[in-house]
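**Student:** Structure: query-v9.txt, compact mmCIF, C-alpha atoms.
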```
# COMPACT_ATOMS: atom_id res chain seq x y z
CA MET A 17 0.00 0.00 0.00
CA GLN A 18 0.99 3.64 -0.40
CA VAL A 19 1.92 5.32 2.87
CA LEU A 20 2.01 9.12 2.89
CA TYR A 21 3.49 11.53 5.43
CA PHE A 22 2.74 15.23 5.82
CA ALA A 23 4.13 18.24 7.70
CA TRP A 24 6.54 17.36 10.56
CA VAL A 25 5.83 13.63 10.18
CA ARG A 26 7.21 13.89 6.62
CA GLU A 27 10.21 15.87 7.87
CA ARG A 28 11.03 13.40 10.65
CA ILE A 29 10.75 10.36 8.41
CA GLY A 30 12.51 12.14 5.56
CA LEU A 31 10.16 11.24 2.71
CA PRO A 32 6.69 12.21 1.52
CA ARG A 33 5.50 8.71 0.54
CA GLU A 34 6.58 5.12 0.12
CA GLU A 35 5.18 1.80 -1.04
CA ILE A 36 4.98 -0.68 1.85
CA GLU A 37 4.30 -4.42 1.71
CA THR A 38 2.52 -5.30 4.93
CA GLN A 39 0.21 -7.83 6.49
CA ALA A 40 -0.73 -5.39 9.28
CA ALA A 41 -4.37 -5.84 10.29
CA THR A 42 -4.89 -2.36 11.74
CA VAL A 43 -3.30 1.08 11.60
CA ASN A 44 -1.78 0.44 15.06
CA ASP A 45 -0.14 -2.75 13.73
CA LEU A 46 1.29 -0.81 10.77
CA VAL A 47 2.65 1.87 13.12
CA ALA A 48 4.33 -0.84 15.26
CA GLU A 49 5.91 -2.34 12.11
CA LEU A 50 7.22 1.04 10.99
CA MET A 51 8.57 1.92 14.44
CA ALA A 52 10.52 -1.35 14.53
CA ARG A 53 12.28 -0.39 11.28
CA GLU A 54 14.41 2.63 12.16
CA ALA A 55 14.85 5.39 14.73
CA ARG A 56 13.37 8.07 12.46
CA TYR A 57 10.06 6.16 12.37
CA GLU A 58 10.22 5.64 16.12
CA MET A 59 10.66 9.40 16.52
CA ALA A 60 7.80 10.26 14.20
CA PHE A 61 5.34 7.83 15.80
CA ALA A 62 6.44 8.19 19.44
CA ASP A 63 3.13 9.78 20.43
CA THR A 64 0.26 8.73 18.18
CA SER A 65 -2.17 10.86 20.22
CA ALA A 66 -0.44 13.82 18.51
CA LEU A 67 -1.11 12.30 15.09
CA ARG A 68 -4.04 11.80 12.77
CA VAL A 69 -4.55 9.09 10.16
CA ALA A 70 -6.49 9.01 6.91
CA LEU A 71 -7.42 5.80 5.08
CA ASP A 72 -8.02 6.24 1.35
CA GLN A 73 -8.26 10.00 1.97
CA GLU A 74 -10.88 9.80 4.73
CA LEU A 75 -10.05 10.65 8.35
CA SER A 76 -9.97 7.45 10.42
CA GLU A 77 -8.77 5.97 13.72
CA PHE A 78 -5.63 4.09 14.73
CA ASP A 79 -7.62 0.95 15.62
CA ALA A 80 -9.28 0.85 12.18
CA PRO A 81 -8.73 -2.26 10.02
CA LEU A 82 -6.50 -1.95 6.91
CA GLU A 83 -8.21 -4.61 4.80
CA GLY A 84 -8.78 -3.28 1.29
CA VAL A 85 -7.09 0.04 2.05
CA ARG A 86 -4.76 1.31 -0.68
CA GLU A 87 -3.56 4.61 0.78
CA VAL A 88 -2.67 5.42 4.40
CA ALA A 89 -1.64 8.94 5.40
CA PHE A 90 -0.13 10.10 8.69
CA PHE A 91 -0.05 13.75 9.73
CA PRO A 92 -0.30 16.13 12.69
CA PRO A 93 -3.63 17.81 13.51
CA MET A 94 -4.64 20.03 10.61
CA THR A 95 -4.21 23.80 10.65
CA GLY A 96 -6.27 25.12 7.76
CA GLY A 97 -8.32 28.26 7.41
CA MET B 24 -17.57 25.88 -5.99
CA ILE B 25 -14.34 24.87 -4.31
CA ARG B 26 -10.84 25.80 -5.45
CA VAL B 27 -7.45 24.73 -4.09
CA GLN B 28 -4.63 26.70 -5.68
CA ALA B 29 -1.09 28.03 -5.29
CA MET B 30 -1.92 31.20 -7.22
CA PRO B 31 -2.91 34.40 -5.39
CA PHE B 32 -6.50 35.52 -5.90
CA ASP B 33 -8.50 38.72 -5.45
CA PRO B 34 -11.14 38.13 -2.74
CA GLY B 35 -13.10 41.24 -3.77
CA GLY B 36 -13.34 40.12 -7.37
CA GLU B 37 -14.26 36.57 -6.31
CA LEU B 38 -16.98 37.93 -4.02
CA ASN B 39 -18.46 40.07 -6.81
CA THR B 40 -18.52 37.10 -9.19
CA PHE B 41 -20.08 34.90 -6.49
CA SER B 42 -22.73 37.52 -5.64
CA ALA B 43 -23.59 38.03 -9.32
CA GLY B 44 -24.19 34.29 -9.64
CA VAL B 45 -26.72 34.15 -6.80
CA GLU B 46 -28.97 37.00 -7.83
CA GLY B 47 -32.06 37.08 -5.66
CA ALA B 48 -30.35 35.39 -2.69
CA GLY B 49 -30.57 38.61 -0.68
CA ALA B 50 -27.85 37.77 1.83
CA VAL B 51 -24.19 37.11 1.07
CA VAL B 52 -21.64 36.55 3.86
CA SER B 53 -17.91 36.23 3.24
CA PHE B 54 -14.80 35.59 5.30
CA THR B 55 -11.23 36.22 4.16
CA GLY B 56 -8.23 34.72 5.96
CA ILE B 57 -4.97 36.68 5.80
CA VAL B 58 -1.42 35.73 6.82
CA ARG B 59 -0.80 37.40 10.20
CA ASP B 60 2.53 38.57 11.53
CA VAL B 61 1.96 37.86 15.22
CA SER B 62 5.61 37.89 16.32
CA GLY B 63 6.66 40.80 14.13
CA GLY B 64 9.40 38.81 12.42
CA LEU B 65 7.38 36.80 9.92
CA ARG B 66 9.07 36.23 6.57
CA GLY B 67 6.31 34.11 5.15
CA MET B 68 4.23 31.00 5.46
CA GLU B 69 4.44 27.59 3.81
CA ILE B 70 1.13 25.80 3.45
CA GLU B 71 1.28 22.08 2.76
CA HIS B 72 -1.79 20.10 1.78
CA TYR B 73 -2.86 16.59 0.78
CA PRO B 74 -3.76 16.74 -2.92
CA GLY B 75 -6.83 14.62 -3.54
CA MET B 76 -8.01 14.48 0.07
CA THR B 77 -8.13 18.28 0.25
CA GLU B 78 -10.56 18.56 -2.66
CA LYS B 79 -12.68 15.71 -1.27
CA ALA B 80 -12.78 17.20 2.23
CA LEU B 81 -13.69 20.68 0.99
CA GLY B 82 -16.33 19.25 -1.37
CA ALA B 83 -17.87 17.25 1.51
CA LEU B 84 -17.87 20.31 3.79
CA ARG B 85 -19.55 22.45 1.17
CA ALA B 86 -22.14 19.71 0.53
CA GLU B 87 -22.85 19.46 4.26
CA ALA B 88 -23.35 23.23 4.53
CA LEU B 89 -25.71 23.20 1.53
CA GLY B 90 -27.66 20.37 3.18
CA ARG B 91 -27.92 21.94 6.63
CA TRP B 92 -28.74 25.55 5.76
CA ASP B 93 -30.99 27.14 3.19
CA LEU B 94 -28.22 28.28 0.84
CA ALA B 95 -28.26 29.37 -2.78
CA ASP B 96 -24.53 28.63 -3.06
CA ALA B 97 -21.28 28.31 -1.12
CA LEU B 98 -17.73 29.09 -2.19
CA ILE B 99 -14.43 27.92 -0.68
CA ILE B 100 -11.03 29.01 -2.04
CA HIS B 101 -7.86 27.92 -0.20
CA ARG B 102 -4.26 28.48 -1.21
CA PHE B 103 -1.19 26.32 -0.64
CA GLY B 104 2.53 26.85 -1.15
CA ARG B 105 4.59 29.88 -0.16
CA LEU B 106 2.74 33.00 1.05
CA GLU B 107 4.11 36.31 2.29
CA ALA B 108 2.82 38.21 5.34
CA TYR B 109 -0.56 39.88 4.70
CA GLU B 110 -1.34 37.78 1.63
CA VAL B 111 -4.81 36.27 1.38
CA ILE B 112 -4.77 32.58 2.39
CA MET B 113 -8.38 31.62 1.83
CA MET B 114 -11.98 32.76 1.62
CA VAL B 115 -15.45 31.37 2.08
CA ALA B 116 -18.69 32.92 0.89
CA THR B 117 -22.26 31.81 1.43
CA ALA B 118 -25.48 33.09 -0.13
CA SER B 119 -29.00 32.66 1.16
CA LYS B 120 -32.44 34.21 1.25
CA HIS B 121 -31.89 34.52 4.99
CA ARG B 122 -29.12 36.39 6.80
CA LYS B 123 -28.94 33.85 9.62
CA ASP B 124 -28.40 30.89 7.29
CA ALA B 125 -25.64 32.73 5.43
CA PHE B 126 -23.83 33.72 8.66
CA GLU B 127 -24.16 30.34 10.35
CA ALA B 128 -23.08 28.35 7.28
CA ALA B 129 -19.99 30.57 6.83
CA ASP B 130 -19.12 30.14 10.52
CA PHE B 131 -19.56 26.36 10.23
CA LEU B 132 -17.33 26.20 7.14
CA MET B 133 -14.59 28.18 8.91
CA ASP B 134 -14.69 26.00 12.05
CA TYR B 135 -14.35 22.83 9.98
CA LEU B 136 -11.71 24.25 7.62
CA LYS B 137 -9.52 24.98 10.65
CA SER B 138 -9.24 21.42 11.86
CA ARG B 139 -10.79 19.03 9.32
CA ALA B 140 -9.29 20.14 5.99
CA PRO B 141 -5.82 18.65 5.35
CA PHE B 142 -3.71 21.80 5.38
CA TRP B 143 -0.64 22.38 7.54
CA LYS B 144 0.86 25.82 8.06
CA LYS B 145 4.51 26.48 8.73
CA GLU B 146 5.63 29.93 9.80
CA VAL B 147 8.98 31.12 8.49
CA THR B 148 10.45 33.80 10.76
CA GLU B 149 13.84 35.40 11.25
CA ALA B 150 14.43 32.87 14.05
CA GLY B 151 13.66 29.84 11.88
CA GLU B 152 10.73 27.70 10.80
CA ASP B 153 7.93 26.32 12.94
CA TRP B 154 4.82 24.28 12.22
CA VAL B 155 1.71 26.02 13.50
CA VAL B 156 0.25 23.95 16.34
CA SER B 157 -3.48 23.26 16.33
CA LYS B 158 -5.41 24.70 19.27
CA ALA B 159 -7.70 22.76 21.57
CA GLU B 160 -10.29 25.52 21.17
CA ASP B 161 -10.40 24.86 17.41
CA GLU B 162 -11.31 21.25 18.12
CA ASP B 163 -13.85 22.33 20.78
CA ALA B 164 -15.46 24.72 18.28
CA LEU B 165 -16.68 21.73 16.25
CA CYS B 166 -19.00 20.71 19.12
CA ARG B 167 -21.13 23.76 18.37
CA TRP B 168 -22.35 22.08 15.20
```
Would you write out, as structure tokens, the structure that this file holds?
**Tutor:**
Amino acid sequence: MQVLYFAWVRERIGLPREEIETQAATVNDLVAELMAREARYEMAFADTSALRVALDQELSEFDAPLEGVREVAFFPPMTGG
Amino acid sequence: MIRVQAMPFDPGGELNTFSAGVEGAGAVVSFTGIVRDVSGGLRGMEIEHYPGMTEKALGALRAEALGRWDLADALIIHRFGRLEAYEVIMMVATASKHRKDAFEAADFLMDYLKSRAPFWKKEVTEAGEDWVVSKAEDEDALCRW
């Protein structure tokens, strides 16, 4: 699946998007997989309460299932307007 | 109509065009957001967004406003990319037969744009760069609706 990062999450991880092969059942499982990879992911995901997640471009929750999802995006709370 | 663009726009001209298109509506309310220089040392602002989700989120917000209030039309324009201090960031406009519907719908759109549209602002000052942090009161404001 495509995993996208925005704002300071993108800066901490060092890339805007990547293709990830995963069997993760939920967003939380995917986060755990990513954090186990490298320190920069651990840094970015240290406090998921400070993060938001979108599944296929819809806001979602960290306990949501990933089955059938093609695009996951992680970002800090939005600051539009 | 919704528009997400890097290009500057003229909010007065947009408002005139919008008003001309809703002849007979009687009440038009608009809000314009401008880059502030709170600290006094602002060099500019970088606005990042999520292409694809942004358009969907703004379209859904506009549709919800049209469903909840008696509106003739609603307009949302939001910029992204590099902006200088005092440049126009975004505008919303609503048109209705009734003043109250126009005001409330515009207020609703602004509250949701703040914390539910995928934009992230970064302030560039003389001291460096900082992501704007969302405020708890912006999240609380959504409970009004």
**Student:** Pick out the closest residue to Gly64 in chain B from this set: B:Ile100, B:Val51, B:Ala150, B:Ala80. Count only C-alpha atoms.
**Tutor:**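 Closest candidate: B:Ala150.
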**Student:** Return the single residue from B:Thr148, B:Thr77, B:Ser138, B:Asn39 that is closest to chain A, with distances computed using only C-alpha atoms.
**Tutor:**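 Using only C-alpha atoms, the shortest distance to chain A belongs to B:Ser138.
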**Student:** Quick one: of B:Lys158, B:Lys120, B:Lys144, B:Arg167, who's nearest to Val45 in chain B, counting only C-alpha atoms?
**Tutor:**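 Nearest to Val45 in chain B: B:Lys120.
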**Student:** Tell me, as a list of chain:residue names, which residues lie within 12 Å of Phe126 in chain B, counting only C-alpha atoms; anything in the same chain fewer than 4 positions away does not count.
**Tutor:**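 Close residues of Phe126 in chain B: B:Ala50, B:Val51, B:Val52, B:Ser53, B:Phe54, B:Ala88, B:Trp92, B:Asp93, B:Leu94, B:Ala97, B:Val115, B:Ala116, B:Thr117, B:Ala118, B:Ser119, B:Lys120, B:His121, B:Arg122, B:Asp130, B:Phe131, B:Leu132, B:Met133.
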**Student:** Counting only C-alpha atoms, which residues from chain A have an atom at most 12 Å from any atom of chain B, and could you show them as JSON, numbers by chain?
**Tutor:** {"A": [20, 21, 22, 23, 24, 25, 26, 27, 32, 33, 66, 67, 68, 69, 70, 71, 72, 73, 74, 75, 76, 87, 88, 89, 90, 91, 92, 93, 94, 95, 96, 97]}
**Student:** State, in Å with one decimal place, the distance from CA of Ala55 in chain A to CA of Glu34 in chain A.
**Tutor:**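 Distance between the two atoms: 16.8 Å.
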**Student:** Enclose all atoms of range 105-124 of chain B listed in the file in an axis-aligned box, grow every side by 3 Å, and hand back centre and edge lengths in Å to one decimal, as JSON.
**Tutor:**
```
{"center_x": -13.9, "center_y": 34.9, "center_z": 4.7, "size_x": 43.0, "size_y": 16.0, "size_z": 15.8}
```
**Student:** Could you tell me which of A:Arg56, A:Thr64, A:Ala48, A:Leu31 comes closest to Glu77 in chain A if we count all atoms listed in the file?
**Tutor:**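 Result for the nearest residue to Glu77 in chain A: A:Thr64.
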**Student:** For Val147 in chain B, find every residue with an atom within 6 Å (counting only C-alpha atoms), except residues of its own chain fewer than 5 positions away, and show them as a list in words.
**Tutor:**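 My list of contacting residues is Arg66, Gly67, Met68 and Glu152 of chain B.
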**Student:** Would you work out the distance separating CA of Leu82 in chain A from CA of Met51 in chain A, expressed in Å to one decimal?
**Tutor:**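 Going from CA of Leu82 in chain A over to CA of Met51 in chain A, I get 17.3 Å.
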**Student:** So how far away is CA of Gly49 in chain B from CA of Gly36 in chain B, in Å?
**Tutor:**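 Taking CA of Gly36 in chain B and CA of Gly49 in chain B, their separation equals 18.5 Å.
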**Student:** Please identify all polymer residues within 10 Å of Glu58 in chain A, counting all atoms listed in the file, omitting same-chain residues fewer than 4 positions from it, and present them as number ranges by chain.
**Tutor:** A: 28-29, 47-54, 62-63
**Student:** Place all heavy atoms on range 85-96 of chain A and deliver the coordinates as a PDB file, in the coordinates of the input.
**Tutor:**
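So the final result, stored in rebuild14.pdb, reads:
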```pdb
ATOM      1  N   VAL A  85      -7.555  -1.351   2.118  1.00  0.00           N
ATOM      2  CA  VAL A  85      -7.090   0.040   2.050  1.00  0.00           C
ATOM      3  C   VAL A  85      -5.877   0.146   1.130  1.00  0.00           C
ATOM      4  O   VAL A  85      -4.958  -0.666   1.195  1.00  0.00           O
ATOM      5  CB  VAL A  85      -6.726   0.550   3.484  1.00  0.00           C
ATOM      6  CG1 VAL A  85      -6.039   1.905   3.418  1.00  0.00           C
ATOM      7  CG2 VAL A  85      -7.970   0.620   4.348  1.00  0.00           C
ATOM      8  N   ARG A  86      -5.873   1.151   0.261  1.00  0.00           N
ATOM      9  CA  ARG A  86      -4.760   1.310  -0.680  1.00  0.00           C
ATOM     10  C   ARG A  86      -3.818   2.451  -0.296  1.00  0.00           C
ATOM     11  O   ARG A  86      -2.666   2.479  -0.680  1.00  0.00           O
ATOM     12  CB  ARG A  86      -5.303   1.555  -2.093  1.00  0.00           C
ATOM     13  CG  ARG A  86      -5.851   0.295  -2.741  1.00  0.00           C
ATOM     14  CD  ARG A  86      -6.538   0.592  -4.034  1.00  0.00           C
ATOM     15  NE  ARG A  86      -7.638   1.542  -3.818  1.00  0.00           N
ATOM     16  CZ  ARG A  86      -8.388   2.040  -4.779  1.00  0.00           C
ATOM     17  NH1 ARG A  86      -8.144   1.732  -6.029  1.00  0.00           N
ATOM     18  NH2 ARG A  86      -9.375   2.872  -4.500  1.00  0.00           N
ATOM     19  N   GLU A  87      -4.367   3.429   0.456  1.00  0.00           N
ATOM     20  CA  GLU A  87      -3.560   4.610   0.780  1.00  0.00           C
ATOM     21  C   GLU A  87      -3.752   4.989   2.247  1.00  0.00           C
ATOM     22  O   GLU A  87      -4.871   5.223   2.686  1.00  0.00           O
ATOM     23  CB  GLU A  87      -3.999   5.762  -0.131  1.00  0.00           C
ATOM     24  CG  GLU A  87      -3.120   6.995  -0.077  1.00  0.00           C
ATOM     25  CD  GLU A  87      -3.502   8.023  -1.158  1.00  0.00           C
ATOM     26  OE1 GLU A  87      -3.364   7.693  -2.362  1.00  0.00           O
ATOM     27  OE2 GLU A  87      -3.952   9.120  -0.809  1.00  0.00           O
ATOM     28  N   VAL A  88      -2.646   5.021   2.990  1.00  0.00           N
ATOM     29  CA  VAL A  88      -2.670   5.420   4.400  1.00  0.00           C
ATOM     30  C   VAL A  88      -1.860   6.698   4.529  1.00  0.00           C
ATOM     31  O   VAL A  88      -0.766   6.779   3.974  1.00  0.00           O
ATOM     32  CB  VAL A  88      -2.050   4.329   5.306  1.00  0.00           C
ATOM     33  CG1 VAL A  88      -2.080   4.752   6.774  1.00  0.00           C
ATOM     34  CG2 VAL A  88      -2.767   3.007   5.125  1.00  0.00           C
ATOM     35  N   ALA A  89      -2.394   7.691   5.222  1.00  0.00           N
ATOM     36  CA  ALA A  89      -1.640   8.940   5.400  1.00  0.00           C
ATOM     37  C   ALA A  89      -1.554   9.283   6.879  1.00  0.00           C
ATOM     38  O   ALA A  89      -2.541   9.188   7.609  1.00  0.00           O
ATOM     39  CB  ALA A  89      -2.308  10.079   4.639  1.00  0.00           C
ATOM     40  N   PHE A  90      -0.356   9.676   7.313  1.00  0.00           N
ATOM     41  CA  PHE A  90      -0.130  10.100   8.690  1.00  0.00           C
ATOM     42  C   PHE A  90       0.245  11.574   8.708  1.00  0.00           C
ATOM     43  O   PHE A  90       1.060  12.011   7.888  1.00  0.00           O
ATOM     44  CB  PHE A  90       1.011   9.291   9.322  1.00  0.00           C
ATOM     45  CG  PHE A  90       0.700   7.832   9.473  1.00  0.00           C
ATOM     46  CD1 PHE A  90       1.244   6.896   8.601  1.00  0.00           C
ATOM     47  CD2 PHE A  90      -0.132   7.389  10.496  1.00  0.00           C
ATOM     48  CE1 PHE A  90       0.965   5.539   8.743  1.00  0.00           C
ATOM     49  CE2 PHE A  90      -0.419   6.038  10.649  1.00  0.00           C
ATOM     50  CZ  PHE A  90       0.129   5.120   9.770  1.00  0.00           C
ATOM     51  N   PHE A  91      -0.341  12.312   9.647  1.00  0.00           N
ATOM     52  CA  PHE A  91      -0.050  13.750   9.730  1.00  0.00           C
ATOM     53  C   PHE A  91      -0.432  14.303  11.091  1.00  0.00           C
ATOM     54  O   PHE A  91      -1.218  13.688  11.822  1.00  0.00           O
ATOM     55  CB  PHE A  91      -0.765  14.507   8.610  1.00  0.00           C
ATOM     56  CG  PHE A  91      -2.180  14.068   8.328  1.00  0.00           C
ATOM     57  CD1 PHE A  91      -3.226  14.477   9.143  1.00  0.00           C
ATOM     58  CD2 PHE A  91      -2.466  13.247   7.241  1.00  0.00           C
ATOM     59  CE1 PHE A  91      -4.537  14.090   8.873  1.00  0.00           C
ATOM     60  CE2 PHE A  91      -3.774  12.840   6.959  1.00  0.00           C
ATOM     61  CZ  PHE A  91      -4.807  13.265   7.782  1.00  0.00           C
ATOM     62  N   PRO A  92       0.112  15.492  11.430  1.00  0.00           N
ATOM     63  CA  PRO A  92      -0.300  16.130  12.690  1.00  0.00           C
ATOM     64  C   PRO A  92      -1.705  16.728  12.526  1.00  0.00           C
ATOM     65  O   PRO A  92      -2.208  16.808  11.394  1.00  0.00           O
ATOM     66  CB  PRO A  92       0.739  17.236  12.887  1.00  0.00           C
ATOM     67  CG  PRO A  92       1.334  17.478  11.545  1.00  0.00           C
ATOM     68  CD  PRO A  92       1.172  16.231  10.735  1.00  0.00           C
ATOM     69  N   PRO A  93      -2.331  17.153  13.627  1.00  0.00           N
ATOM     70  CA  PRO A  93      -3.630  17.810  13.510  1.00  0.00           C
ATOM     71  C   PRO A  93      -3.570  18.956  12.491  1.00  0.00           C
ATOM     72  O   PRO A  93      -2.561  19.653  12.410  1.00  0.00           O
ATOM     73  CB  PRO A  93      -3.883  18.346  14.923  1.00  0.00           C
ATOM     74  CG  PRO A  93      -3.133  17.404  15.806  1.00  0.00           C
ATOM     75  CD  PRO A  93      -1.905  17.030  15.032  1.00  0.00           C
ATOM     76  N   MET A  94      -4.634  19.096  11.739  1.00  0.00           N
ATOM     77  CA  MET A  94      -4.640  20.030  10.610  1.00  0.00           C
ATOM     78  C   MET A  94      -4.764  21.479  11.087  1.00  0.00           C
ATOM     79  O   MET A  94      -5.355  21.749  12.130  1.00  0.00           O
ATOM     80  CB  MET A  94      -5.781  19.652   9.677  1.00  0.00           C
ATOM     81  CG  MET A  94      -5.545  18.278   9.063  1.00  0.00           C
ATOM     82  SD  MET A  94      -7.059  17.451   8.545  1.00  0.00           S
ATOM     83  CE  MET A  94      -7.532  16.664  10.060  1.00  0.00           C
ATOM     84  N   THR A  95      -4.183  22.376  10.297  1.00  0.00           N
ATOM     85  CA  THR A  95      -4.210  23.800  10.650  1.00  0.00           C
ATOM     86  C   THR A  95      -4.590  24.630   9.419  1.00  0.00           C
ATOM     87  O   THR A  95      -3.799  25.431   8.917  1.00  0.00           O
ATOM     88  CB  THR A  95      -2.852  24.270  11.205  1.00  0.00           C
ATOM     89  OG1 THR A  95      -1.808  23.868  10.294  1.00  0.00           O
ATOM     90  CG2 THR A  95      -2.563  23.664  12.568  1.00  0.00           C
ATOM     91  N   GLY A  96      -5.798  24.395   8.935  1.00  0.00           N
ATOM     92  CA  GLY A  96      -6.270  25.120   7.760  1.00  0.00           C
ATOM     93  C   GLY A  96      -6.906  26.447   8.142  1.00  0.00           C
ATOM     94  O   GLY A  96      -6.799  26.894   9.282  1.00  0.00           O
TER      95      GLY A  96
END
```
